[in-house]
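Down below is the structure, laid out as structure tokens.
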Amino acid sequence: MSLYLLGGLATAPLFMESFRSALHGVLGREGYEVATSELLFPYGNWSRGVVPQIWEIGRDMRRSPRKTGRSIGGRRTVAAIGESRHRLGLSASGGGRTILVGHSGGGVAAVHAAMQLMEQSSKGRSPLVVMIGSPRCRIPVQLRQSVLYVYATPAGTPSSGGRIADMICKLGTFGGWGGGSSVDFAGRAPRRSFPGWNHNKYGPAGACGVPIVGWHPDYFREQAPYVNGMGLSNQWLTLHAVWEWLRGKI
């Protein structure tokens with residue numbers, strides 16, 4: 001396995017380190033050999049100006065499924081993965097399954113990078129992608145079954161079909177013109193729309209709400225006050241949701 005975690009807008013250098021370590025550990029305990037697990041910053045970390053990062057993420061969010069190859073964050077991610085594999089002496093395909101976990105704008109870059117990696121792969125096998133607290137972007141049809149979308153719901157609510165508590169998850173769109181069900185990815189009834197508009201035409205096949213304490217920056221918190229009444233931290237809840245999906249896909 002090759003595991004890469006992608007930060008979003010103006011992210012602290014070690015913001016996802018604890019989650020990376022925890023997911024790496026779960027994979028190892030389940031018997032999977034993890035060839036590499038790294039943190040990547042497709043739009044830069046908090047040492048880079050915020051305005052150019054917002055511009056790049058916004059531009060990538062609006063890309064059509066046919067133009068993922070032009071993605072700024074996607075191309076940087078693919079380049080960083082290539083350098084990592086070369087440094088470790090791995091094959092171009094990484095020698096196994098690739099997992100991309102992106103938070104916020106990093107989830108958009110993860111989708112676009114996964115499409116590029118799949119097109120480069122001789123086997124045409126898609127990486128597994130987890131978008132956590134990410135704005136919506138149009139996911140290519142070839143990737144939909146390989147993408148999980150994780151969003152925050154208010155603490156104490158059901159994890160399925162709950163109200164979205166992370167406003168970043170309401171930005172962007174999964175929609176497109178065409179037939180098919182327009183039911184929202186969170187299971188809600190379709191909203192009023194123009195004829196022929198499908199709100200989830202390019203949405204992920206998998207979606208899961210996590211009832212964390214807090215919202216967008218809090219998915220990976222481990223200490224009080226980010227612990228629910230059952231003693232479960234936000235990071236535990238997020239990790240549990242991600243692993244339950246990954247286990248069925250790997």
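To be explicit about the labels: the chains of the structure tokens are called A, B, and onward in the order shown, and within each one the residues are counted from 1, while ligands get numbers from 1 in the order they are shown.
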field: Contacts of stretch 9-26 of chain A within 10 Å, only C-alpha atoms, excl. fewer than 2 positions in-chain, as a ChimeraX atom specification
entry: /A:1-7,28-34,36-54,56-57,101-106,217,219-222,235-236,238-240,242-243
query: What's the 7 Å shell around A:Gly175, counting only C-alpha atoms, without same-chain residues fewer than 5 positions away, as a PyMOL selection string?
result: chain A and resi 198-202
Could those residues be written to a file, using C-alpha atoms, as a CSV table (one decimal), in the first residue's frame?
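Just written: result.csv:
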chain,number,residue,atom,x,y,z
A,198,ASN,CA,-29.0,16.3,-11.6
A,199,HIS,CA,-27.4,17.5,-8.3
A,200,ASN,CA,-25.4,14.3,-7.9
A,201,LYS,CA,-24.5,13.4,-11.5
A,202,TYR,CA,-20.8,13.5,-10.7
query: Between A:Val130, A:Gln223, A:Leu143, A:Ala35, which is the closest to A:Gly89 once you count only C-alpha atoms?
result: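 Using only C-alpha atoms, the shortest distance to A:Gly89 belongs to A:Ala35.
Proximity ranking of A:Gly82, A:Leu148, A:Pro140, A:Met61 relative to A:Gln120 places A:Gly82 first, based on only C-alpha atoms.
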message: One decimal, in Å: what's the spacing between atom CA of A:Ser64 and atom CA of A:His112?
response: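 According to the coordinates, atom CA of A:Ser64 and atom CA of A:His112 are separated by 10.3 Å.
Closest to A:Arg138 among A:Met118, A:Leu100, A:Val108, A:Ala113 is A:Val108, based on only C-alpha atoms.
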Spatial neighbours of A:Glu119, 12 Å, only C-alpha atoms, chain gap at least 5 places, as a ChimeraX atom specification: /A:68-69,78,93,112-114,124-127,140,142-143
Residues from last step as file, N, CA and C atoms, as an mmCIF file, in the first residue's frame:
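And here is the file that came out, out.cif:
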data_model
loop_
_atom_site.group_PDB
_atom_site.id
_atom_site.type_symbol
_atom_site.label_atom_id
_atom_site.label_comp_id
_atom_site.auth_asym_id
_atom_site.auth_seq_id
_atom_site.Cartn_x
_atom_site.Cartn_y
_atom_site.Cartn_z
ATOM 1 N N THR A 68 -9.462 17.012 -15.754
ATOM 2 C CA THR A 68 -8.715 16.792 -14.512
ATOM 3 C C THR A 68 -7.203 16.826 -14.745
ATOM 4 N N GLY A 69 -6.780 16.549 -15.972
ATOM 5 C CA GLY A 69 -5.351 16.576 -16.287
ATOM 6 C C GLY A 69 -4.760 17.964 -16.179
ATOM 7 N N VAL A 78 0.575 14.351 -8.269
ATOM 8 C CA VAL A 78 1.145 13.271 -9.087
ATOM 9 C C VAL A 78 2.666 13.406 -9.160
ATOM 10 N N SER A 93 3.839 2.312 -10.665
ATOM 11 C CA SER A 93 2.506 2.080 -10.112
ATOM 12 C C SER A 93 2.527 1.966 -8.599
ATOM 13 N N HIS A 112 -8.482 14.588 -8.585
ATOM 14 C CA HIS A 112 -7.841 14.852 -9.872
ATOM 15 C C HIS A 112 -6.547 14.052 -10.036
ATOM 16 N N ALA A 113 -5.784 13.913 -8.952
ATOM 17 C CA ALA A 113 -4.559 13.117 -9.013
ATOM 18 C C ALA A 113 -4.888 11.650 -9.257
ATOM 19 N N ALA A 114 -5.945 11.149 -8.622
ATOM 20 C CA ALA A 114 -6.330 9.747 -8.793
ATOM 21 C C ALA A 114 -6.670 9.449 -10.251
ATOM 22 N N GLY A 124 -4.821 0.228 -15.321
ATOM 23 C CA GLY A 124 -6.008 1.066 -15.281
ATOM 24 C C GLY A 124 -6.756 0.992 -13.971
ATOM 25 N N ARG A 125 -6.026 0.682 -12.883
ATOM 26 C CA ARG A 125 -6.674 0.531 -11.580
ATOM 27 C C ARG A 125 -6.712 1.867 -10.855
ATOM 28 N N SER A 126 -7.879 2.198 -10.333
ATOM 29 C CA SER A 126 -8.037 3.488 -9.680
ATOM 30 C C SER A 126 -7.499 3.465 -8.255
ATOM 31 N N PRO A 127 -6.796 4.528 -7.841
ATOM 32 C CA PRO A 127 -6.483 4.679 -6.425
ATOM 33 C C PRO A 127 -7.784 4.837 -5.637
ATOM 34 N N PRO A 140 -14.985 12.214 -12.052
ATOM 35 C CA PRO A 140 -15.139 11.414 -13.276
ATOM 36 C C PRO A 140 -15.877 10.105 -12.991
ATOM 37 N N GLN A 142 -15.411 7.181 -14.003
ATOM 38 C CA GLN A 142 -14.520 6.044 -13.762
ATOM 39 C C GLN A 142 -14.079 5.965 -12.300
ATOM 40 N N LEU A 143 -14.173 7.071 -11.569
ATOM 41 C CA LEU A 143 -13.674 7.117 -10.191
ATOM 42 C C LEU A 143 -14.765 7.005 -9.129
#
message: Between atom CA of A:Trp215 and atom CA of A:Gly172, what distance in Å does the model show, to one decimal?
response: 17.7 Å
Got a sec to tell me which of stretch 4-147 of chain A DSSP assigns to helix (DSSP H, G or I), as a compact mmCIF listing (two decimals) with C-alpha atoms, in the first residue's frame?
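File produced: part.txt:
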# COMPACT_ATOMS: atom_id res chain seq x y z
CA GLU A 17 0.26 13.80 10.95
CA SER A 18 -1.59 12.12 13.81
CA PHE A 19 -4.29 10.85 11.45
CA ARG A 20 -1.65 9.63 8.97
CA SER A 21 0.09 7.71 11.73
CA ALA A 22 -3.18 6.22 12.99
CA LEU A 23 -4.34 5.07 9.53
CA HIS A 24 -0.87 3.71 8.75
CA GLY A 25 -1.06 1.74 11.99
CA VAL A 26 -4.48 0.29 11.19
CA LEU A 27 -3.31 -0.88 7.77
CA GLY A 28 -0.27 -2.52 9.33
CA ARG A 29 -2.30 -4.27 12.03
CA VAL A 50 -3.57 32.40 1.24
CA VAL A 51 -4.87 34.31 -1.81
CA PRO A 52 -3.05 32.26 -4.48
CA GLN A 53 -4.11 29.06 -2.69
CA ILE A 54 -7.77 30.11 -2.73
CA TRP A 55 -7.50 30.96 -6.43
CA GLU A 56 -5.94 27.59 -7.29
CA ILE A 57 -8.43 25.55 -5.25
CA GLY A 58 -11.35 27.50 -6.69
CA ARG A 59 -10.11 26.93 -10.21
CA ASP A 60 -9.68 23.19 -9.61
CA MET A 61 -13.15 22.91 -8.03
CA PRO A 65 -14.38 15.61 -15.37
CA ARG A 66 -12.68 15.71 -18.77
CA LYS A 67 -10.15 18.33 -17.68
CA THR A 68 -8.72 16.79 -14.51
CA GLY A 69 -5.35 16.58 -16.29
CA ARG A 70 -5.13 20.37 -16.06
CA ILE A 72 -3.08 22.47 -10.48
CA GLY A 73 -3.29 20.50 -7.25
CA GLY A 74 -3.70 17.20 -9.08
CA ARG A 75 -0.56 17.65 -11.17
CA ARG A 76 1.49 18.69 -8.14
CA THR A 77 0.26 15.65 -6.25
CA VAL A 78 1.14 13.27 -9.09
CA ALA A 79 4.60 14.86 -9.36
CA ALA A 80 5.19 14.52 -5.60
CA ILE A 81 4.07 10.88 -5.66
CA GLY A 82 6.37 10.18 -8.59
CA GLU A 83 9.32 11.68 -6.71
CA SER A 84 8.43 9.67 -3.60
CA ARG A 85 8.26 6.39 -5.54
CA HIS A 86 11.52 7.10 -7.32
CA ARG A 87 13.23 7.91 -4.03
CA LEU A 88 12.01 4.65 -2.49
CA GLY A 105 -9.12 21.48 -0.86
CA GLY A 106 -6.77 18.50 -0.63
CA GLY A 107 -9.76 16.28 -1.40
CA VAL A 108 -10.25 18.04 -4.74
CA ALA A 109 -6.57 17.57 -5.60
CA ALA A 110 -6.85 13.90 -4.54
CA VAL A 111 -9.70 13.24 -7.00
CA HIS A 112 -7.84 14.85 -9.87
CA ALA A 113 -4.56 13.12 -9.01
CA ALA A 114 -6.33 9.75 -8.79
CA MET A 115 -7.71 10.18 -12.30
CA GLN A 116 -4.27 11.04 -13.66
CA LEU A 117 -2.68 8.09 -11.87
CA MET A 118 -5.34 5.73 -13.20
CA GLU A 119 -4.73 6.93 -16.75
CA GLN A 120 -0.99 6.37 -16.30
CA VAL A 141 -17.48 8.47 -13.78
CA GLN A 142 -14.52 6.04 -13.76
CA LEU A 143 -13.67 7.12 -10.19
CA ARG A 144 -17.07 7.37 -8.52
CA GLN A 145 -17.00 3.85 -7.03
CA SER A 146 -13.53 4.54 -5.60
- request: Could you please determine the separation between atom CA of A:Gly214 and atom CA of A:Ser134 in Å, to one decimal place?
  value: 15.3 Å
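Of the residues in stretch 66-121 of chain A, those given strand (DSSP E or B) by DSSP on the backbone are Thr98, Ile99, Leu100, Val101, Gly102 and His103 of chain A.
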Could you please take those selected residues and save N, CA, C and O atoms as a compact mmCIF listing (two decimals), in the first residue's frame?
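Result written to selection_36.txt:
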# COMPACT_ATOMS: atom_id res chain seq x y z
N THR A 98 -2.88 2.36 -4.12
CA THR A 98 -2.61 3.71 -3.65
C THR A 98 -3.86 4.27 -2.98
O THR A 98 -4.97 4.14 -3.52
N ILE A 99 -3.68 4.89 -1.82
CA ILE A 99 -4.78 5.52 -1.09
C ILE A 99 -4.47 7.01 -0.96
O ILE A 99 -3.39 7.38 -0.49
N LEU A 100 -5.40 7.84 -1.37
CA LEU A 100 -5.25 9.29 -1.25
C LEU A 100 -6.34 9.81 -0.31
O LEU A 100 -7.53 9.62 -0.56
N VAL A 101 -5.92 10.46 0.78
CA VAL A 101 -6.86 11.02 1.74
C VAL A 101 -6.65 12.53 1.78
O VAL A 101 -5.59 13.00 2.18
N GLY A 102 -7.65 13.28 1.34
CA GLY A 102 -7.50 14.72 1.28
C GLY A 102 -8.47 15.44 2.19
O GLY A 102 -9.66 15.09 2.25
N HIS A 103 -7.98 16.43 2.91
CA HIS A 103 -8.84 17.27 3.73
C HIS A 103 -9.08 18.59 3.02
O HIS A 103 -8.16 19.17 2.43
query: Taking only C-alpha atoms into account, which of A:Val227, A:Gly156, A:Leu246, A:Lys170 comes nearest A:Arg97?
result: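 Selected residue with least distance to A:Arg97: A:Leu246.
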message: I'd like to know which of A:Gly96, A:Gly133, A:Gly196, A:Pro225 is closest to A:Ala155, using only C-alpha atoms.
response: A:Pro225
